[in-house]
>>> print(open('start.cif').read())   # mmCIF, C-alpha atoms
data_run
loop_
_atom_site.label_atom_id
_atom_site.label_comp_id
_atom_site.auth_asym_id
_atom_site.auth_seq_id
_atom_site.Cartn_x
_atom_site.Cartn_y
_atom_site.Cartn_z
CA MET A 417 -15.22 13.27 19.16
CA SER A 418 -14.13 10.62 16.70
CA GLY A 419 -10.68 9.13 16.33
CA TYR A 420 -10.13 10.97 13.08
CA THR A 421 -10.91 14.29 14.75
CA ILE A 422 -8.31 13.57 17.43
CA CYS A 423 -5.77 12.67 14.73
CA ALA A 424 -6.56 15.93 12.93
CA LEU A 425 -6.04 17.87 16.16
CA VAL A 426 -2.72 16.08 16.81
CA LEU A 427 -1.58 16.89 13.27
CA LEU A 428 -2.67 20.49 13.74
CA SER A 429 -0.64 20.73 16.93
CA ALA A 430 2.30 19.06 15.17
CA LEU A 431 2.29 22.05 12.85
CA LEU A 432 3.26 24.23 15.81
CA PRO A 433 6.78 22.79 16.45
CA ALA A 434 7.28 22.59 12.69
CA GLY A 435 6.34 26.26 12.39
CA VAL A 436 8.73 27.15 15.20
CA ALA A 437 11.47 25.20 13.38
CA ALA A 438 10.62 27.15 10.23
CA SER A 439 11.11 30.47 12.00
CA ARG A 440 14.43 29.86 13.74
CA GLY A 441 18.03 29.66 12.62
CA ASP A 442 19.58 30.55 9.31
CA GLY A 443 18.04 30.11 5.85
CA ILE A 444 18.74 26.41 5.48
CA ASP A 445 17.36 25.65 8.95
CA ARG A 446 14.17 27.52 8.13
CA LEU A 447 13.94 25.74 4.78
CA VAL A 448 13.97 22.37 6.53
CA GLY A 449 11.20 23.65 8.80
CA LEU A 450 9.27 24.78 5.72
CA GLU A 451 9.55 21.29 4.23
CA LEU A 452 8.18 19.87 7.45
CA VAL A 453 5.30 22.36 7.57
CA SER A 454 4.23 21.67 3.99
CA SER A 455 4.38 17.88 4.46
CA ILE A 456 2.46 17.92 7.73
CA GLY A 457 0.00 20.45 6.29
CA ALA A 458 -0.75 18.17 3.35
CA VAL A 459 -1.36 15.17 5.62
CA PHE A 460 -3.50 17.31 7.94
CA MET A 461 -5.71 18.32 5.03
CA LEU A 462 -6.14 14.67 4.06
CA VAL A 463 -7.42 13.86 7.53
CA LEU A 464 -9.51 17.03 7.52
CA ALA A 465 -11.27 15.83 4.37
CA GLN A 466 -12.11 12.59 6.17
CA VAL A 467 -13.32 14.38 9.29
CA SER A 468 -15.56 16.78 7.39
CA HIS A 469 -16.74 14.13 4.89
CA GLN A 470 -16.01 16.56 2.06
CA SER A 471 -14.00 14.72 -0.57
CA TYR A 472 -13.35 17.86 -2.60
CA PHE A 473 -11.06 19.04 0.21
CA LEU A 474 -8.57 16.55 -1.25
CA SER A 475 -7.90 18.97 -4.11
CA VAL A 476 -5.98 21.19 -1.70
CA PRO A 477 -3.22 18.67 -0.81
CA LEU A 478 -3.24 17.51 -4.43
CA VAL A 479 -2.13 21.01 -5.42
CA LEU A 480 -0.10 21.75 -2.28
CA VAL A 481 2.31 18.82 -2.64
CA PRO A 482 3.57 19.65 -6.19
CA MET A 483 3.62 23.38 -5.47
CA SER A 484 5.63 22.97 -2.26
CA PHE A 485 7.96 20.60 -4.10
CA ALA A 486 8.69 23.20 -6.78
CA GLY A 487 8.93 26.04 -4.27
CA THR A 488 11.34 24.20 -1.99
CA LEU A 489 13.54 23.25 -4.93
CA VAL A 490 13.79 26.91 -5.91
CA PHE A 491 14.69 27.88 -2.34
CA THR A 492 17.40 25.19 -2.13
CA ARG A 493 18.86 26.38 -5.41
CA LEU A 494 18.98 29.99 -4.25
CA LEU A 495 20.28 29.21 -0.76
CA GLY A 496 22.95 26.83 -2.03
CA ARG A 497 24.33 29.48 -4.35
CA ARG A 498 24.31 32.20 -1.72
CA VAL A 499 27.39 34.40 -1.85
CA LYS A 500 28.85 35.16 1.56
CA MET B 1073 -11.63 -6.33 12.62
CA THR B 1074 -13.70 -3.94 10.56
CA ALA B 1075 -12.43 -1.64 7.83
CA HIS B 1076 -13.11 1.32 10.09
CA ALA B 1077 -10.87 -0.04 12.85
CA ILE B 1078 -8.07 -0.92 10.41
CA GLY B 1079 -8.27 2.49 8.77
CA LEU B 1080 -8.29 4.31 12.09
CA ALA B 1081 -5.33 2.25 13.34
CA LEU B 1082 -3.31 3.13 10.24
CA VAL B 1083 -4.18 6.83 10.53
CA VAL B 1084 -3.29 6.85 14.24
CA ALA B 1085 0.05 5.14 13.51
CA GLY B 1086 0.87 7.70 10.83
CA THR B 1087 -0.18 10.56 13.08
CA VAL B 1088 2.07 9.31 15.89
CA VAL B 1089 5.04 9.08 13.53
CA ILE B 1090 4.42 12.62 12.26
CA ALA B 1091 3.99 14.05 15.76
CA ILE B 1092 7.25 12.44 16.95
CA ALA B 1093 9.07 13.74 13.87
CA ALA B 1094 7.74 17.27 14.41
CA VAL B 1095 8.76 17.37 18.07
CA GLY B 1096 12.11 15.75 17.27
CA SER B 1097 12.92 18.31 14.61
CA LEU B 1098 12.36 21.07 17.14
CA ALA B 1099 14.43 19.30 19.78
CA VAL B 1100 17.44 19.07 17.47
CA ARG B 1101 19.07 22.46 17.28
CA GLY B 1102 22.05 23.61 15.33
CA ASP B 1103 22.71 20.65 13.06
CA VAL B 1104 20.62 20.88 9.91
CA PHE B 1105 21.72 17.44 8.75
CA THR B 1106 20.36 15.80 11.87
CA ARG B 1107 17.16 17.81 11.55
CA LEU B 1108 16.70 16.53 8.00
CA HIS B 1109 16.46 13.00 9.39
CA PHE B 1110 13.24 14.02 11.13
CA VAL B 1111 11.66 15.28 7.90
CA ALA B 1112 12.09 11.96 6.10
CA PRO B 1113 9.64 9.91 8.26
CA VAL B 1114 6.83 12.38 7.55
CA THR B 1115 6.93 11.83 3.81
CA SER B 1116 8.16 8.23 3.78
CA VAL B 1117 6.25 6.63 6.67
CA GLY B 1118 3.67 8.95 8.23
CA GLY B 1119 2.04 10.26 5.05
CA PRO B 1120 1.69 6.85 3.36
CA LEU B 1121 0.32 5.31 6.57
CA VAL B 1122 -2.34 8.02 6.87
CA CYS B 1123 -3.23 7.72 3.20
CA ALA B 1124 -3.46 3.93 3.46
CA GLY B 1125 -5.80 4.28 6.42
CA LEU B 1126 -7.99 6.76 4.56
CA CYS B 1127 -8.04 4.46 1.51
CA VAL B 1128 -9.25 1.58 3.70
CA GLU B 1129 -11.89 3.83 5.26
CA SER B 1130 -13.15 5.39 2.02
CA ARG B 1131 -15.48 3.50 -0.28
CA GLN B 1132 -15.48 5.86 -3.27
CA PRO B 1133 -13.08 4.81 -6.06
CA TRP B 1134 -12.45 8.40 -7.13
CA VAL B 1135 -11.43 9.40 -3.61
CA ILE B 1136 -9.12 6.37 -3.33
CA ALA B 1137 -7.50 7.25 -6.66
CA GLU B 1138 -6.96 10.83 -5.52
CA LEU B 1139 -5.46 9.64 -2.23
CA ILE B 1140 -3.09 7.31 -4.07
CA VAL B 1141 -1.95 10.12 -6.37
CA ILE B 1142 -1.30 12.40 -3.38
CA THR B 1143 0.61 9.63 -1.58
CA VAL B 1144 2.79 8.88 -4.59
CA LEU B 1145 3.57 12.58 -5.05
CA LEU B 1146 4.39 13.00 -1.34
CA PHE B 1147 6.45 9.81 -1.22
CA ALA B 1148 8.41 10.64 -4.38
CA SER B 1149 9.02 14.32 -3.66
CA GLY B 1150 10.20 13.88 -0.05
CA PRO B 1151 13.62 12.28 -0.63
CA VAL B 1152 14.35 14.64 -3.53
CA LEU B 1153 13.68 17.67 -1.35
CA GLU B 1154 15.74 16.30 1.52
CA ALA B 1155 18.68 15.53 -0.75
CA SER B 1156 18.55 18.97 -2.34
CA ALA B 1157 18.25 20.66 1.06
CA ALA B 1158 21.23 18.66 2.33
CA ARG B 1159 23.23 19.66 -0.73
CA ALA B 1160 22.30 23.32 -0.26
CA ALA B 1161 23.32 23.07 3.40
CA ALA B 1162 26.64 21.48 2.41
CA GLN B 1163 27.30 24.29 -0.07
CA ASP B 1164 26.25 26.91 2.44
CA ARG B 1165 28.63 25.54 5.07
CA GLY B 1166 31.49 25.10 2.63
CA LEU B 1167 31.46 21.30 2.76
CA GLU B 1168 30.78 21.01 -0.96
CA SER B 1169 31.57 23.49 -3.70
CA GLU B 1170 29.07 24.31 -6.43
CA GLU B 1171 31.43 22.86 -9.04
CA GLN B 1172 31.42 19.49 -7.26
CA SER B 1173 27.64 19.33 -7.28
CA ALA B 1174 27.30 20.26 -10.95
#
>>> encode(input="start.cif", output="structure tokens")
Amino acid sequence: MSGYTICALVLLSALLPAGVAASRGDGIDRLVGLELVSSIGAVFMLVLAQVSHQSYFLSVPLVLVPMSFAGTLVFTRLLGRRVK
Amino acid sequence: MTAHAIGLALVVAGTVVIAIAAVGSLAVRGDVFTRLHFVAPVTSVGGPLVCAGLCVESRQPWVIAELIVITVLLFASGPVLEASAARAAAQDRGLESEEQSA
């Protein structure tokens, strides 16, 4: 097992606490967890591309980062305006 | 020190930062503003470190260019998202009105 594989496994397990953070608390708390999940997921896919020696895997984080950026901005806009 | 060792060291350093940030964000409960401090290292330190390591390791120019684009996007979008999430949290908790933020 190479060092990159171990790093990929560590990043994959780091998604677990981030996913738990994304599923607890109120909307803003979960949004912060979602930010963490998308960031860690993008980095995990970068390392996964290195582990598998498939450079076209890099297209996934290339799309994921702008899409999660736009999606999170929409969520912050909606949650900030929320009427109590 | 070979390029492989340098690249692996950078990726390991970034992975450690990200793992600590993920566990730290779970350990902090209740305060969303404190939790936001654990998101910042992932996009500002961990991601760029991992990408730098992969750039050192890779020998294909196209792959390096793609990695740099991803890093720049991650690095630039992170603080914007954290600031907007903090503002939404402030509005949600009544610390800042929507008129103040406009």
>>> residues_around(input="start.cif", residues="range 465-473 of chain A", least_positions_apart="4", cutoff="12 Å", atoms="all atoms listed in the file", output="count of residues only")
38
>>> interface_residues(input="start.cif", of="chain A", to="chain B", cutoff="8 Å", atoms="all atoms listed in the file", output="PyMOL selection string")
chain A and resi 419-420+423+426-427+430-431+433-434+436-437+441+444-445+447-448+451-452+455-456+459+462-463+466+471+474+477-478+481-482+485+488-489+492-493+495-498
>>> write_last_selection(input="start.cif", atoms="C-alpha atoms", output="tab-separated table (two decimals), in the frame of the given file")
chain	number	residue	atom	x	y	z
A	419	GLY	CA	-10.68	9.13	16.33
A	420	TYR	CA	-10.13	10.97	13.08
A	423	CYS	CA	-5.77	12.67	14.73
A	426	VAL	CA	-2.72	16.08	16.81
A	427	LEU	CA	-1.58	16.89	13.27
A	430	ALA	CA	2.30	19.06	15.17
A	431	LEU	CA	2.29	22.05	12.85
A	433	PRO	CA	6.78	22.79	16.45
A	434	ALA	CA	7.28	22.59	12.69
A	436	VAL	CA	8.73	27.15	15.20
A	437	ALA	CA	11.47	25.20	13.38
A	441	GLY	CA	18.03	29.66	12.62
A	444	ILE	CA	18.74	26.41	5.48
A	445	ASP	CA	17.36	25.65	8.95
A	447	LEU	CA	13.94	25.74	4.78
A	448	VAL	CA	13.97	22.37	6.53
A	451	GLU	CA	9.55	21.29	4.23
A	452	LEU	CA	8.18	19.87	7.45
A	455	SER	CA	4.38	17.88	4.46
A	456	ILE	CA	2.46	17.92	7.73
A	459	VAL	CA	-1.36	15.17	5.62
A	462	LEU	CA	-6.14	14.67	4.06
A	463	VAL	CA	-7.42	13.86	7.53
A	466	GLN	CA	-12.11	12.59	6.17
A	471	SER	CA	-14.00	14.72	-0.57
A	474	LEU	CA	-8.57	16.55	-1.25
A	477	PRO	CA	-3.22	18.67	-0.81
A	478	LEU	CA	-3.24	17.51	-4.43
A	481	VAL	CA	2.31	18.82	-2.64
A	482	PRO	CA	3.57	19.65	-6.19
A	485	PHE	CA	7.96	20.60	-4.10
A	488	THR	CA	11.34	24.20	-1.99
A	489	LEU	CA	13.54	23.25	-4.93
A	492	THR	CA	17.40	25.19	-2.13
A	493	ARG	CA	18.86	26.38	-5.41
A	495	LEU	CA	20.28	29.21	-0.76
A	496	GLY	CA	22.95	26.83	-2.03
A	497	ARG	CA	24.33	29.48	-4.35
A	498	ARG	CA	24.31	32.20	-1.72
>>> atom_distance(input="start.cif", atom1="CA of Asp442 in chain A", atom2="CA of Leu428 in chain A")
24.8 Å
>>> atom_distance(input="start.cif", atom1="CA of Arg440 in chain A", atom2="CA of Ser454 in chain A")
16.3 Å
>>> atom_distance(input="start.cif", atom1="CA of Gly435 in chain A", atom2="CA of Val453 in chain A")
6.3 Å
>>> decode(input="start.cif", residues="chain A", atoms="C-alpha atoms", output="compact mmCIF listing (two decimals), in the first residue's frame")
# COMPACT_ATOMS: atom_id res chain seq x y z
CA MET A 417 0.00 0.00 0.00
CA SER A 418 1.57 3.25 -1.12
CA GLY A 419 1.67 6.52 0.78
CA TYR A 420 -0.86 8.06 -1.56
CA THR A 421 -3.30 5.24 -0.90
CA ILE A 422 -3.00 5.82 2.84
CA CYS A 423 -3.59 9.55 2.32
CA ALA A 424 -6.67 8.74 0.22
CA LEU A 425 -7.98 6.48 2.99
CA VAL A 426 -7.35 9.17 5.63
CA LEU A 427 -9.19 11.72 3.49
CA LEU A 428 -12.03 9.25 2.98
CA SER A 429 -12.30 8.75 6.73
CA ALA A 430 -12.13 12.53 7.23
CA LEU A 431 -15.34 12.69 5.22
CA LEU A 432 -17.08 10.80 8.03
CA PRO A 433 -16.84 13.51 10.77
CA ALA A 434 -17.58 16.13 8.12
CA GLY A 435 -20.68 14.18 7.10
CA VAL A 436 -21.76 13.91 10.72
CA ALA A 437 -21.28 17.68 11.08
CA ALA A 438 -23.40 18.14 7.96
CA SER A 439 -26.26 16.16 9.47
CA ARG A 440 -26.50 17.76 12.91
CA GLY A 441 -27.78 21.04 14.24
CA ASP A 442 -29.79 23.72 12.52
CA GLY A 443 -29.55 24.80 8.87
CA ILE A 444 -26.47 26.98 9.21
CA ASP A 445 -24.61 24.28 11.16
CA ARG A 446 -25.38 21.74 8.45
CA LEU A 447 -24.35 24.23 5.77
CA VAL A 448 -20.91 24.56 7.36
CA GLY A 449 -20.68 20.76 7.38
CA LEU A 450 -21.67 20.73 3.71
CA GLU A 451 -18.87 23.17 2.90
CA LEU A 452 -16.45 20.88 4.69
CA VAL A 453 -17.72 17.78 2.88
CA SER A 454 -17.43 19.37 -0.56
CA SER A 455 -13.91 20.69 0.12
CA ILE A 456 -12.63 17.41 1.52
CA GLY A 457 -14.40 15.50 -1.26
CA ALA A 458 -12.63 17.56 -3.91
CA VAL A 459 -9.22 16.99 -2.32
CA PHE A 460 -9.99 13.28 -1.92
CA MET A 461 -10.73 12.99 -5.63
CA LEU A 462 -7.44 14.69 -6.45
CA VAL A 463 -5.55 12.08 -4.45
CA LEU A 464 -7.75 9.34 -5.91
CA ALA A 465 -6.67 10.39 -9.41
CA GLN A 466 -3.05 10.03 -8.32
CA VAL A 467 -3.65 6.65 -6.69
CA SER A 468 -5.46 5.21 -9.69
CA HIS A 469 -3.12 6.86 -12.25
CA GLN A 470 -6.18 8.07 -14.16
CA SER A 471 -5.71 11.75 -14.91
CA TYR A 472 -9.21 12.16 -16.29
CA PHE A 473 -10.52 11.69 -12.74
CA LEU A 474 -9.38 15.30 -12.23
CA SER A 475 -12.40 16.48 -14.21
CA VAL A 476 -14.63 15.58 -11.26
CA PRO A 477 -13.09 18.02 -8.73
CA LEU A 478 -12.73 20.56 -11.54
CA VAL A 479 -16.53 20.55 -11.84
CA LEU A 480 -17.28 19.88 -8.16
CA VAL A 481 -15.49 22.97 -6.81
CA PRO A 482 -17.39 25.60 -8.89
CA MET A 483 -20.69 23.74 -8.50
CA SER A 484 -20.36 23.47 -4.71
CA PHE A 485 -19.36 27.14 -4.61
CA ALA A 486 -22.53 28.19 -6.42
CA GLY A 487 -24.71 25.79 -4.45
CA THR A 488 -23.40 26.90 -1.08
CA LEU A 489 -23.87 30.56 -2.00
CA VAL A 490 -27.51 29.85 -2.83
CA PHE A 491 -27.99 28.05 0.48
CA THR A 492 -26.42 30.91 2.45
CA ARG A 493 -28.67 33.39 0.70
CA LEU A 494 -31.79 31.38 1.48
CA LEU A 495 -30.82 30.59 5.08
CA GLY A 496 -29.81 34.17 5.84
CA ARG A 497 -33.18 35.45 4.69
CA ARG A 498 -35.14 32.84 6.61
CA VAL A 499 -38.24 34.25 8.27
CA LYS A 500 -38.76 33.01 11.81
